[in-house]
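*Asks:* Have a look at this one before I ask anything.
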Amino acid sequence: MAKLIFELSSLGHQAVTFPPSHLPTVSFDEFENQGSIDLPEIAEIDLVRHYIGLSKMAHGVDTGFYPLGSCTMKYNPKLNEDVASLEGFAKIHPLQPLWSVQGNLKAMRHLQDALSEICGMDEFTLQPAAGAHGEFTGMLIIAAYHRQNNDLKRSKVIVPDAAHGTNPASAVMAGFDVVTVKSNACGGVDLDELRSLVDENTAALMLTNPNTLGLFDPNIKEIADLVHEAGGLLYYDGANLNAIMGLSRPGDMGFDVVHLNLHKTFSTPHGGGGPGSGPVGVKAHLIPYLPKGSYLKDLPTLESPPALSIGRMRSFHGNFLTTMRALTYILFNGKGLKEVSMNAVLNANYMMHHLSDVYTVAYPQTCMHEFVLTLEKEKDQYNVSAKDLSKAMLDHNMHPPTMYFPQIVHEALMIEPNETESKTTLDEAITLLKQLHQTMIDDPAYLQNAPYTTPVLRVDDVLAARVPILKYHKE
Amino acid sequence: MGTYIPHTKQDQIDMLTSISQTWDTLLSTIPSNVRLKRELNLPEGLSEFEVYHKMKAYASENVVFNTILRGAGAYDHYIPSVVRHLSAREEFVTAYTPYQSELSQGVLQSIFEFQSMMASLTGMDAANASVYDGATAAAEAIAMSYERGRRTILLSAALHPQTIEVIQTYTQELDVTIKMIDTVDGRTSIESMSKQLDESVCAVLISHPNYFGILEDVKGFRTAIIDSKVKYIVSVNPMTLGRLANPGSYGADIVVGEAQPFGLNLAFGGPYLGFMCTSDKYVRRLPGRIVGQTVDSQGKRAFTLTLQAREQHIRREKASSSICSNQAHCALTAAMYLGAIGPQGLKEVATQCANKAHALASKLEKIGYTLTYKQPFFHEFVTTTPISTTLIEQTLANHNILSGLILDDHHMLWCVSETTSDDKLDEIVAILKEVHHG
């Protein structure tokens with residue numbers, strides 16, 4: 001186990017120093033820090049080795065296969081990083097006068113127009129900082145829209161049981177009550193139940209399509225009509241847009257608001273958990289509600305909010321450098337974004353097909369970009385859980401799929417290979433998963449105790465939560 | 001033209017054949033009534049070379065100023081080479097949230113170290129793994145503070161205006177009342193707060209230094225907030241903690257802020273780095289990811305995401321926040337920055353910022369500018385200007401200097417950091433003096 005950076009500290013070391021200044025020192029009297037500052041003191045070479053050591057204990061897309069369902073761990077092009085480090089983007093103050101940031105504004109406009117075309121929407125804001133932030137933005141827009149129409153009783157937001165946890169949480173932050181609609185036997189929204197839930201109190205339906213089972217809802221048009229006829233709006237969780245670019249557009253399906261995750265579909269890196277970026281697209285009737293700080297067509301400055309704006313979602317103009325990476329990716333692919341989605345679908349179906357003779361696919365019809373295995377049977381027969389199987393993959397330089405999600409599938413493993421993986425990689429993963437399935441039968445204990453070769457072995461999560469140690473304590 | 005898909009045409013045919021599908025059957029699950037029956041109206045893809053130059057052309061249309069005297073929530077500091085190189089390590093850049101702890105100890109430990117540094121700097125018990133930015137950190141802190149029957153929050157009128165706006169946005173659909181605490185001479189009035197403190201109040205939020213750079217009477221506020229059900233939330237620029245007493249020492253309950261000054265580019269406003277720290281008492285109310293220390297099956301020290309029972313993926317509609325991602329890569333960068341400059345470096349940067357800002361203020365006073373507020377400040381200050389602020393901005397821009405922020409026609413909010421040399425300050429004042437007298 002690596003030492004903590006604090007354990008490398010030794011008095012008097014400092015990697016980076018500053019040019020001298022000879023001005024008189026200001027005294028802050030009663031505001032002054034009287035104690036010492038407890039930060040590590042390290043020479044540059046030791047700092048470098050510390051972080052290189054940590055990087056070797058991290059697994060990224062560049063390290064190995066990462067079929068983490070719903071998170072879309074596709075290759076992050078190096079070109080994106082070069083663009084994001086251009087001085088003309090990286091060294092611009094967010095409050096510079098407009099005449100000095102024309103390049104940024106044009107690039108933002110370019111991205112907003114491209115996203116509008118890809119999604120079939122009329123306008124986009126780049127302000128939201130992540131997908132969940134985009135959801136919150138979208139739900140505030142929906143609340144403001146109904147209020148503006150004096151439609152005050154619409155307090156209900158309908159969310160499928162297979163939805164991302166962020167959906168219901170975002171709806172509640174926007175003041176709504178959440179009602180869950182069940183999935184039907186084919187994994188889509190249960191139309192009959194939806195009919196019974198949709199009424200004059202319905203503010204919106206939040207939907208991911210293809211959904212978290214990787215299935216395109218065949219009834220999407222009827223669903224949209226049903227909600228619209230009742231006066232509700234349709235919210236599109238764009239987490240899975242990577243499956244349908246150039247094939248189908250949320251705007252054409254009938255959605256009024258969409259959020260995207262640029263770090264999924266548009267190849268911007270996840271950085272160990274962020275930053276993401278969650279642009280929100282709307283149809284024309286919702287443009288007046290977009291957040292302050294958006295760069296919209298008919299507004300003279302970044303600071304003049306749309307007429308009925310919900311207000312500002314965060315400081316400044318969003319995760320700008322992340323949006324520039326996404327624009328780079330869109331320019332690179334152009335119309336070829338369709339091939340991106342087609343190959344994502346191909347790779348998922350290829351893996352699903354070749355695993356299905358050994359594993360149980362929860363919904364075995366043709367999928368889009370991802371599919372879900374259930375290990376319920378294996379759990380019963382061999383006492384090997386989805387988690388155990390996942391931990392065994394860690395010894396083979398493969399990041400496991402998303403575990404235990406969606407919650408409607410027991411012992412779920414959600415596999416999303418994505419289009420940037422080669423046939424060879426997929427074949428290797430299929431072989432590995434089949435081998436591990438055989439091991440499950442021959443030697444279940446091997447999986448129950450995995451992993452064996454990682455920097456630490458099975459981690460005690462229960463202890464971590466029971467006795468929280470959330471910062472370094474000096475011995 | 002370009003593609004990141006590694007399949008050859010033959011691979012695709014082989015794969016389709018092996019699963020008994022064609023492209024048509026494969027995509028047939030999309031019903032025809034929602035199929036896009038034309039190509040996307042986008043240009044053909046470009047080569048890497050072309051894309052780079054197109055993006056570079058956009059970047060070149062922006063002005064990169066040599067000297068930046070503007071802060072107001074985004075701060076120009078030197079970013080050491082070692083920070084830029086280490087943070088670009090691909091294993092960090094291309095990883096996801098560390099759900100599989102055994103494979104992600106490097107990311108988890110880096111976040112744990114970030115949390116430790118922030119908790120230590122602010123003098124608090126714990127920090128989360130970060131949130132979107134300083135403004136949303138403040139809004140999330142407000143959401144932590146609600147109690148049964150207590151939904152009124154008191155906000156200093158000297159908070160960053162965008163922070164106030166974000167809090168208004170975040171709370172607009174909830175049963176929350178926002179009341180503003182007045183300022184007197186640029187400083188938040190304790191008297192104004194005390195008058196509004198009643199049994200409906202759950203939180204008081206002030207910024208120290210405040211939007212105008214002024215140091216608030218942080219101890220006075222603590223003393224005046226007698227009701228233990230009221231959370232005392234302080235927003236700080238963490239760079240100032242190289243010199244200023246930490247909020248834990250004067251009794252803050254929750255500390256938030258924007259850690260962009262720690263090694264992150266100005267980047268036209270993002271990605272930035274919101275941080276949140278609190279005492280043990282409120283730690284289970286913290287939103288977002290938190291990394292904890294534990295052991296593995298062999299008893300070896302290990303790290304993992306913890307206290308997840310608070311979060312949206314478990315609690316769904318009962319979660320207090322929908323936040324899912326954090327700014328992990330920004331947090332990593334900030335920790336590297338602090339590791340690179342150390343405690344002495346932080347003190348040095350903070351001191352140079354303060355000294356240079358005070359030097360610029362007194363030099364400006366000598367040429368007819370007046371300090372708008374007669375209050376102690378850190379490295380930002382407001383002047384009343386003898387000439388129009390637009391003229392100041394334009395004049396300095398002609399010398400590739402970004403002036404202070406225009407507040408109105410005759411008020412400007414200045415900021416000086418360690419990146420402006422002593423000599424440069426004289427040059428700036430000389431330029432302004434010429435306009436003034438010219």
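Residues are named by chain letter and number: chains run A, B, ... in the order of the structure tokens, numbers start at 1 in each chain, and ligands are numbered from 1 in the order shown.
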Fewer than 3 positions away in the same chain doesn't count, so skip those; otherwise give me all residues within 6 Å of segment 337-352 of chain B, counting only C-alpha atoms, as a PyMOL selection string.

*Replies:* (chain A and resi 14-16+37+39-41) or (chain B and resi 83+240+242-243+262-263+334+355-356+418)

*Asks:* Restrict the selected residues to N, CA and C atoms and save them as a short mmCIF file (atom, residue, chain, number, x, y, z; two decimals), in the first residue's frame.

*Replies:*
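After the write, again17.cif holds the following:
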data_model
loop_
_atom_site.label_atom_id
_atom_site.label_comp_id
_atom_site.auth_asym_id
_atom_site.auth_seq_id
_atom_site.Cartn_x
_atom_site.Cartn_y
_atom_site.Cartn_z
N GLN A 14 9.99 21.85 -0.30
CA GLN A 14 8.99 22.57 -1.07
C GLN A 14 9.35 22.42 -2.54
N ALA A 15 8.45 21.80 -3.31
CA ALA A 15 8.77 21.52 -4.71
C ALA A 15 8.86 22.81 -5.52
N VAL A 16 7.90 23.68 -5.34
CA VAL A 16 7.80 24.85 -6.21
C VAL A 16 7.91 26.13 -5.39
N ILE A 37 -0.04 25.49 9.33
CA ILE A 37 -0.86 24.92 8.26
C ILE A 37 -0.38 23.51 8.02
N LEU A 39 -0.05 20.97 5.87
CA LEU A 39 0.02 20.42 4.51
C LEU A 39 1.37 19.70 4.38
N PRO A 40 1.45 18.72 3.46
CA PRO A 40 2.71 18.00 3.31
C PRO A 40 3.83 18.88 2.74
N GLU A 41 5.05 18.58 3.15
CA GLU A 41 6.24 19.27 2.62
C GLU A 41 7.07 18.24 1.88
N VAL B 83 2.38 20.05 -11.75
CA VAL B 83 0.94 19.83 -11.57
C VAL B 83 0.29 19.51 -12.91
N THR B 240 -6.77 32.22 0.65
CA THR B 240 -6.54 33.18 1.74
C THR B 240 -6.19 32.47 3.05
N GLY B 242 -3.91 30.61 3.57
CA GLY B 242 -2.46 30.67 3.78
C GLY B 242 -2.10 31.72 4.81
N ARG B 243 -3.00 32.64 5.06
CA ARG B 243 -2.75 33.70 6.04
C ARG B 243 -3.87 33.84 7.08
N PHE B 262 -6.48 26.75 -6.67
CA PHE B 262 -5.47 25.72 -6.43
C PHE B 262 -5.14 24.93 -7.71
N GLY B 263 -4.47 25.60 -8.63
CA GLY B 263 -3.92 24.87 -9.76
C GLY B 263 -4.83 24.65 -10.94
N ALA B 334 -5.96 19.97 -7.53
CA ALA B 334 -5.81 20.89 -6.39
C ALA B 334 -4.89 20.28 -5.33
N ASN B 355 -0.14 41.51 -0.24
CA ASN B 355 0.80 42.64 -0.29
C ASN B 355 0.65 43.43 -1.59
N LYS B 356 0.55 42.70 -2.68
CA LYS B 356 0.48 43.37 -3.99
C LYS B 356 -0.84 44.12 -4.15
N GLU B 418 -0.08 36.74 -7.13
CA GLU B 418 1.38 36.65 -7.13
C GLU B 418 1.95 36.72 -8.54
#

*Asks:* Each residue of segment 111-134 of chain B with at least one atom at most 12 Å from segment 291-313 of chain A should appear once, together with its nearest atom pair and the corresponding distance in Å (one decimal); atoms considered: only C-alpha atoms; ordering: chain, then increasing residue number; output as CSV.

*Replies:*
residue,atom,partner,partner_atom,distance
B:Tyr132,CA,A:Met313,CA,10.3
B:Asp133,CA,A:Met313,CA,10.4
B:Gly134,CA,A:Met313,CA,11.7

*Asks:* Write out, as an mmCIF file, in the first residue's frame, the residues just selected, with C-alpha atoms.

*Replies:*
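Contents of out_2.cif, as written:
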data_model
loop_
_atom_site.group_PDB
_atom_site.id
_atom_site.type_symbol
_atom_site.label_atom_id
_atom_site.label_comp_id
_atom_site.auth_asym_id
_atom_site.auth_seq_id
_atom_site.Cartn_x
_atom_site.Cartn_y
_atom_site.Cartn_z
ATOM 1 C CA TYR B 132 -19.476 21.375 -9.200
ATOM 2 C CA ASP B 133 -18.227 24.797 -8.076
ATOM 3 C CA GLY B 134 -18.202 27.300 -5.241
#

*Asks:* List as a PDB file with C-alpha atoms, in the first residue's frame the protein and nucleic acid residues near segment 56-59 of chain B, meaning an atom at most 10 Å away when only C-alpha atoms are counted, but skip any in the same chain fewer than 3 places from it.

*Replies:*
ATOM      1  CA  ASP A  82      -4.684  19.143 -26.786  1.00  0.00           C
ATOM      2  CA  VAL A  83      -7.599  21.379 -27.710  1.00  0.00           C
ATOM      3  CA  ALA A  84      -8.584  21.901 -24.084  1.00  0.00           C
ATOM      4  CA  LEU A  86      -4.921  25.713 -25.933  1.00  0.00           C
ATOM      5  CA  GLU A  87      -4.037  28.957 -24.168  1.00  0.00           C
ATOM      6  CA  GLY A  88      -6.830  30.736 -26.011  1.00  0.00           C
ATOM      7  CA  PHE A  89      -9.315  28.543 -24.135  1.00  0.00           C
ATOM      8  CA  ALA A  90      -7.521  27.680 -20.904  1.00  0.00           C
ATOM      9  CA  ILE A  92      -9.518  33.132 -20.474  1.00  0.00           C
ATOM     10  CA  VAL A 101     -14.013  36.240 -25.996  1.00  0.00           C
ATOM     11  CA  GLN A 102     -15.613  36.087 -29.420  1.00  0.00           C
ATOM     12  CA  GLY A 103     -13.906  32.802 -30.239  1.00  0.00           C
ATOM     13  CA  ASN A 104     -15.441  31.155 -27.180  1.00  0.00           C
ATOM     14  CA  LEU A 105     -18.884  32.446 -27.984  1.00  0.00           C
ATOM     15  CA  LYS A 106     -18.679  31.222 -31.578  1.00  0.00           C
ATOM     16  CA  ALA A 107     -17.475  27.806 -30.445  1.00  0.00           C
ATOM     17  CA  MET A 108     -20.277  27.564 -27.863  1.00  0.00           C
TER      18      MET A 108
ATOM     19  CA  GLU B  50      -8.145  19.849 -39.544  1.00  0.00           C
ATOM     20  CA  VAL B  51     -10.079  19.646 -36.289  1.00  0.00           C
ATOM     21  CA  TYR B  52      -7.146  20.933 -34.276  1.00  0.00           C
ATOM     22  CA  HIS B  53      -6.722  23.910 -36.555  1.00  0.00           C
ATOM     23  CA  ASN B  62      -9.987  35.238 -27.845  1.00  0.00           C
ATOM     24  CA  VAL B  63      -7.612  37.631 -26.113  1.00  0.00           C
ATOM     25  CA  VAL B  64      -5.170  36.054 -23.675  1.00  0.00           C
TER      26      VAL B  64
END

*Asks:* Pull the strand (DSSP E or B) assignments for segment 58-219 of chain B out of DSSP run on the backbone, and list those residues as a PyMOL selection string.

*Replies:* chain B and resi 62+67-68+126-127+131+147+150+152-156+177-181+183-184+187-188+201-207+214

*Asks:* Hey, can you check how far atom CA of Phe6 of chain A sits from atom CA of His77 of chain B?

*Replies:*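 It comes out at 24.1 Å.
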
*Asks:* Taking only segment 186-390 of chain A into account, list the residues labelled helix (DSSP H, G or I) by DSSP (computed from the backbone), as a count of residues only.

*Replies:* 79

*Asks:* Residues of segment 407-454 of chain A within 12 Å of segment 291-306 of chain B: nearest atom pair and distance (Å, one decimal) for each, counting only C-alpha atoms, sorted by chain and number, as CSV?

*Replies:*
residue,atom,partner,partner_atom,distance
A:Gln448,CA,B:Ser297,CA,11.9
A:Asn449,CA,B:Ser297,CA,9.0
A:Ala450,CA,B:Ser297,CA,10.2
A:Pro451,CA,B:Ser297,CA,10.3
A:Tyr452,CA,B:Ser297,CA,10.6
A:Thr454,CA,B:Asp296,CA,10.9

*Asks:* Pull N, CA and C atoms from the residues just selected and write them as a CSV table (one decimal), in the first residue's frame.

*Replies:*
chain,number,residue,atom,x,y,z
A,448,GLN,N,-15.6,-16.2,-4.6
A,448,GLN,CA,-16.1,-15.5,-3.4
A,448,GLN,C,-15.0,-14.8,-2.7
A,449,ASN,N,-13.7,-15.2,-2.9
A,449,ASN,CA,-12.6,-14.5,-2.2
A,449,ASN,C,-11.8,-13.6,-3.1
A,450,ALA,N,-12.2,-13.5,-4.4
A,450,ALA,CA,-11.5,-12.6,-5.3
A,450,ALA,C,-11.6,-11.2,-4.9
A,451,PRO,N,-10.7,-10.3,-5.3
A,451,PRO,CA,-9.6,-10.5,-6.2
A,451,PRO,C,-8.3,-11.0,-5.4
A,452,TYR,N,-7.3,-11.3,-6.2
A,452,TYR,CA,-6.0,-11.8,-5.6
A,452,TYR,C,-4.8,-11.0,-5.9
A,454,THR,N,-4.8,-7.5,-7.0
A,454,THR,CA,-4.9,-6.1,-6.9
A,454,THR,C,-4.1,-5.5,-5.8

*Asks:* Name the residues in contact with Ile226 of chain B at a cut-off of 12 Å, using only C-alpha atoms, excluding same-chain residues fewer than 3 positions from it; report them as an MDAnalysis selection string.

*Replies:* chainID B and resid 193:194 197:199 201 204 220:223 229:232 251

*Asks:* Considering only C-alpha atoms, state which residue in the set A:Val384, A:Ile469, A:Leu115, A:Leu233 is at the smallest distance from chain B.

*Replies:*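 The closest residue to chain B is A:Ile469.
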
*Asks:* Counting only C-alpha atoms, what is within 12 Å of Leu364 of chain B, bar same-chain residues fewer than 6 positions away, as JSON, numbers by chain?

*Replies:* {"B": [357, 358, 370, 371, 381, 382, 383, 384, 385, 386, 412, 414, 425, 426, 427, 428, 429, 430, 431, 432, 433, 436]}

*Asks:* Looking at B:Val234, B:Ala203, B:Ala267, B:Ile167, which one is nearest to chain A, with distances taken over only C-alpha atoms?

*Replies:*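 Answer, going by the shortest atom-to-atom distance: B:Ala267.
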
*Asks:* From the list A:Thr212, A:Asn343, A:Asn219, A:Ser267, which residue is nearest Asp190 of chain A when using only C-alpha atoms?

*Replies:* A:Asn219

*Asks:* From the set B:Leu69, B:Ala309, B:Leu391, B:Ala135, which residue has the shortest atom-to-atom contact distance to chain A, counting only C-alpha atoms?

*Replies:*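 So, comparing all the options, the nearest one is B:Ala135.
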
*Asks:* Which residues are near Val131 of chain B? Cut-off 12 Å, only C-alpha atoms, ignore same chain within fewer than 4 positions. Put them as a ChimeraX atom specification.

*Replies:* /A:129-130,132-133,273-276,314 /B:127,135-141,256-260,271-277,286-290,321-331

*Asks:* Using only C-alpha atoms, please write the residues we just selected to a file, as a PDB file, in the first residue's frame.

*Replies:*
ATOM      1  CA  ALA A 129     -22.108  20.996 -14.863  1.00  0.00           C
ATOM      2  CA  ALA A 130     -23.112  17.340 -15.113  1.00  0.00           C
ATOM      3  CA  ALA A 132     -27.711  15.191 -12.753  1.00  0.00           C
ATOM      4  CA  HIS A 133     -27.326  18.976 -12.777  1.00  0.00           C
ATOM      5  CA  GLY A 273     -15.621  10.898 -11.241  1.00  0.00           C
ATOM      6  CA  GLY A 274     -15.784  14.263 -12.935  1.00  0.00           C
ATOM      7  CA  PRO A 275     -15.869  16.932 -14.225  1.00  0.00           C
ATOM      8  CA  GLY A 276     -18.765  16.060 -16.450  1.00  0.00           C
ATOM      9  CA  ARG A 314     -23.916  27.571 -11.336  1.00  0.00           C
TER      10      ARG A 314
ATOM     11  CA  ALA B 127     -14.730  17.219   3.589  1.00  0.00           C
ATOM     12  CA  ALA B 135     -21.698  28.612  -5.923  1.00  0.00           C
ATOM     13  CA  THR B 136     -23.325  25.175  -5.988  1.00  0.00           C
ATOM     14  CA  ALA B 137     -21.322  24.230  -2.885  1.00  0.00           C
ATOM     15  CA  ALA B 138     -23.036  27.118  -1.102  1.00  0.00           C
ATOM     16  CA  ALA B 139     -26.444  25.987  -2.393  1.00  0.00           C
ATOM     17  CA  GLU B 140     -25.771  22.416  -1.251  1.00  0.00           C
ATOM     18  CA  ALA B 141     -24.718  23.703   2.175  1.00  0.00           C
ATOM     19  CA  VAL B 256     -17.661  25.935   1.427  1.00  0.00           C
ATOM     20  CA  GLY B 257     -15.856  27.635  -1.402  1.00  0.00           C
ATOM     21  CA  GLU B 258     -14.300  27.582  -4.806  1.00  0.00           C
ATOM     22  CA  ALA B 259     -10.898  25.860  -4.959  1.00  0.00           C
ATOM     23  CA  GLN B 260     -10.142  26.914  -8.554  1.00  0.00           C
ATOM     24  CA  PRO B 271     -14.445  23.130 -14.844  1.00  0.00           C
ATOM     25  CA  TYR B 272     -13.932  24.513 -11.352  1.00  0.00           C
ATOM     26  CA  LEU B 273     -13.938  22.898  -7.944  1.00  0.00           C
ATOM     27  CA  GLY B 274     -16.545  23.379  -5.226  1.00  0.00           C
ATOM     28  CA  PHE B 275     -15.526  22.074  -1.822  1.00  0.00           C
ATOM     29  CA  MET B 276     -17.573  21.396   1.299  1.00  0.00           C
ATOM     30  CA  CYS B 277     -16.293  20.773   4.808  1.00  0.00           C
ATOM     31  CA  LEU B 286     -22.899  16.144   3.317  1.00  0.00           C
ATOM     32  CA  PRO B 287     -23.966  15.599  -0.307  1.00  0.00           C
ATOM     33  CA  GLY B 288     -21.887  13.900  -2.982  1.00  0.00           C
ATOM     34  CA  ARG B 289     -19.115  11.378  -2.860  1.00  0.00           C
ATOM     35  CA  ILE B 290     -17.035  10.795   0.259  1.00  0.00           C
ATOM     36  CA  SER B 321     -29.320  16.038  -3.544  1.00  0.00           C
ATOM     37  CA  SER B 322     -29.260  14.448  -6.990  1.00  0.00           C
ATOM     38  CA  ILE B 323     -25.526  15.060  -7.358  1.00  0.00           C
ATOM     39  CA  CYS B 324     -23.766  12.045  -8.814  1.00  0.00           C
ATOM     40  CA  SER B 325     -20.458  13.097 -10.321  1.00  0.00           C
ATOM     41  CA  ASN B 326     -17.957  15.247  -8.477  1.00  0.00           C
ATOM     42  CA  GLN B 327     -15.042  17.207  -9.838  1.00  0.00           C
ATOM     43  CA  ALA B 328     -12.579  14.410  -9.029  1.00  0.00           C
ATOM     44  CA  HIS B 329      -9.982  15.387 -11.578  1.00  0.00           C
ATOM     45  CA  CYS B 330     -10.069  18.996 -10.375  1.00  0.00           C
ATOM     46  CA  ALA B 331      -9.741  17.778  -6.783  1.00  0.00           C
TER      47      ALA B 331
END

*Asks:* Residues within 7 Å of segment 99-116 of chain B, please, as number ranges by chain. Count only C-alpha atoms; anything in the same chain fewer than 6 positions from it doesn't count.

*Replies:* A: 54-59, 272, 394, 454-459, 470-472; B: 92, 126-129, 291-292, 303-304, 331-332, 335

*Asks:* How would the residues just picked look written out with N, CA and C atoms as a CSV table (one decimal), in the first residue's frame?

*Replies:*
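Saved result, selection_25.csv, follows:
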chain,number,residue,atom,x,y,z
A,54,LEU,N,0.3,6.3,-7.4
A,54,LEU,CA,-1.2,6.3,-7.3
A,54,LEU,C,-1.8,6.0,-8.7
A,55,SER,N,-1.2,6.6,-9.7
A,55,SER,CA,-1.8,6.3,-11.1
A,55,SER,C,-1.7,4.9,-11.5
A,56,LYS,N,-0.7,4.2,-11.0
A,56,LYS,CA,-0.5,2.8,-11.3
A,56,LYS,C,-1.6,1.9,-10.5
A,57,MET,N,-2.2,2.5,-9.5
A,57,MET,CA,-3.3,1.9,-8.8
A,57,MET,C,-4.7,2.4,-9.2
A,58,ALA,N,-4.7,2.9,-10.4
A,58,ALA,CA,-6.0,3.4,-11.0
A,58,ALA,C,-6.2,2.6,-12.3
A,59,HIS,N,-7.5,2.5,-12.6
A,59,HIS,CA,-7.8,1.8,-13.9
A,59,HIS,C,-8.6,2.7,-14.8
A,272,GLY,N,-12.0,10.2,-13.1
A,272,GLY,CA,-12.1,9.6,-11.8
A,272,GLY,C,-13.4,10.0,-11.1
A,394,LEU,N,-11.3,-8.3,-11.8
A,394,LEU,CA,-10.3,-7.4,-11.4
A,394,LEU,C,-8.9,-7.9,-11.6
A,454,THR,N,-4.8,-7.5,-7.0
A,454,THR,CA,-4.9,-6.1,-6.9
A,454,THR,C,-4.1,-5.5,-5.8
A,455,PRO,N,-3.9,-4.2,-5.8
A,455,PRO,CA,-3.1,-3.6,-4.7
A,455,PRO,C,-3.6,-3.9,-3.3
A,456,VAL,N,-4.9,-3.9,-3.2
A,456,VAL,CA,-5.5,-4.4,-1.9
A,456,VAL,C,-6.5,-5.5,-2.3
A,457,LEU,N,-6.8,-6.3,-1.3
A,457,LEU,CA,-7.8,-7.4,-1.6
A,457,LEU,C,-9.2,-6.9,-1.2
A,458,ARG,N,-10.2,-7.8,-1.1
A,458,ARG,CA,-11.6,-7.4,-0.9
A,458,ARG,C,-11.7,-6.4,0.2
A,459,VAL,N,-12.2,-5.2,-0.1
A,459,VAL,CA,-12.2,-4.1,0.8
A,459,VAL,C,-13.5,-4.1,1.7
A,470,LEU,N,-12.5,9.9,7.6
A,470,LEU,CA,-12.6,10.6,6.4
A,470,LEU,C,-11.5,11.6,6.1
A,471,LYS,N,-10.5,11.6,7.0
A,471,LYS,CA,-9.3,12.3,6.7
A,471,LYS,C,-8.1,11.7,7.5
A,472,TYR,N,-6.9,12.2,7.1
A,472,TYR,CA,-5.7,11.7,7.6
A,472,TYR,C,-5.5,12.2,9.1
B,92,PHE,N,-5.5,8.5,-14.4
B,92,PHE,CA,-6.4,9.4,-13.7
B,92,PHE,C,-7.5,10.0,-14.6
B,126,ALA,N,-14.3,17.1,8.4
B,126,ALA,CA,-14.4,16.2,7.2
B,126,ALA,C,-14.8,17.1,6.0
B,127,ALA,N,-14.4,16.6,4.9
B,127,ALA,CA,-14.7,17.2,3.6
B,127,ALA,C,-15.3,16.2,2.7
B,128,ASN,N,-16.1,16.6,1.7
B,128,ASN,CA,-16.5,15.6,0.7
B,128,ASN,C,-15.5,15.7,-0.5
B,129,ALA,N,-15.8,14.8,-1.5
B,129,ALA,CA,-14.9,14.7,-2.6
B,129,ALA,C,-15.0,15.8,-3.6
B,291,VAL,N,-14.9,9.7,0.4
B,291,VAL,CA,-14.0,8.5,0.5
B,291,VAL,C,-13.6,8.3,2.0
B,292,GLY,N,-13.6,7.1,2.4
B,292,GLY,CA,-13.2,6.8,3.8
B,292,GLY,C,-12.1,5.7,3.8
B,303,PHE,N,-9.0,2.2,0.9
B,303,PHE,CA,-9.9,3.3,0.8
B,303,PHE,C,-11.1,2.9,-0.1
B,304,THR,N,-12.3,3.5,0.2
B,304,THR,CA,-13.5,3.2,-0.5
B,304,THR,C,-14.5,4.3,-0.4
B,331,ALA,N,-10.2,18.0,-8.2
B,331,ALA,CA,-9.7,17.8,-6.8
B,331,ALA,C,-8.3,17.2,-6.8
B,332,LEU,N,-8.1,16.3,-7.7
B,332,LEU,CA,-6.8,15.7,-7.8
B,332,LEU,C,-5.7,16.8,-8.1
B,335,ALA,N,-5.1,19.0,-5.1
B,335,ALA,CA,-4.2,18.3,-4.1
B,335,ALA,C,-2.7,18.3,-4.6

*Asks:* Given the choices B:Glu91, B:Asn398, B:Leu40, B:Ile206, which gets closest to Tyr51 of chain A if the distance is worked out from only C-alpha atoms?

*Replies:* B:Glu91

*Asks:* May I ask which of the residues B:Asp409, B:Asp76, B:Glu173, B:Glu380 is the closest one to chain A, counting only C-alpha atoms?

*Replies:*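 Closest residue, counting only C-alpha atoms: B:Glu173.
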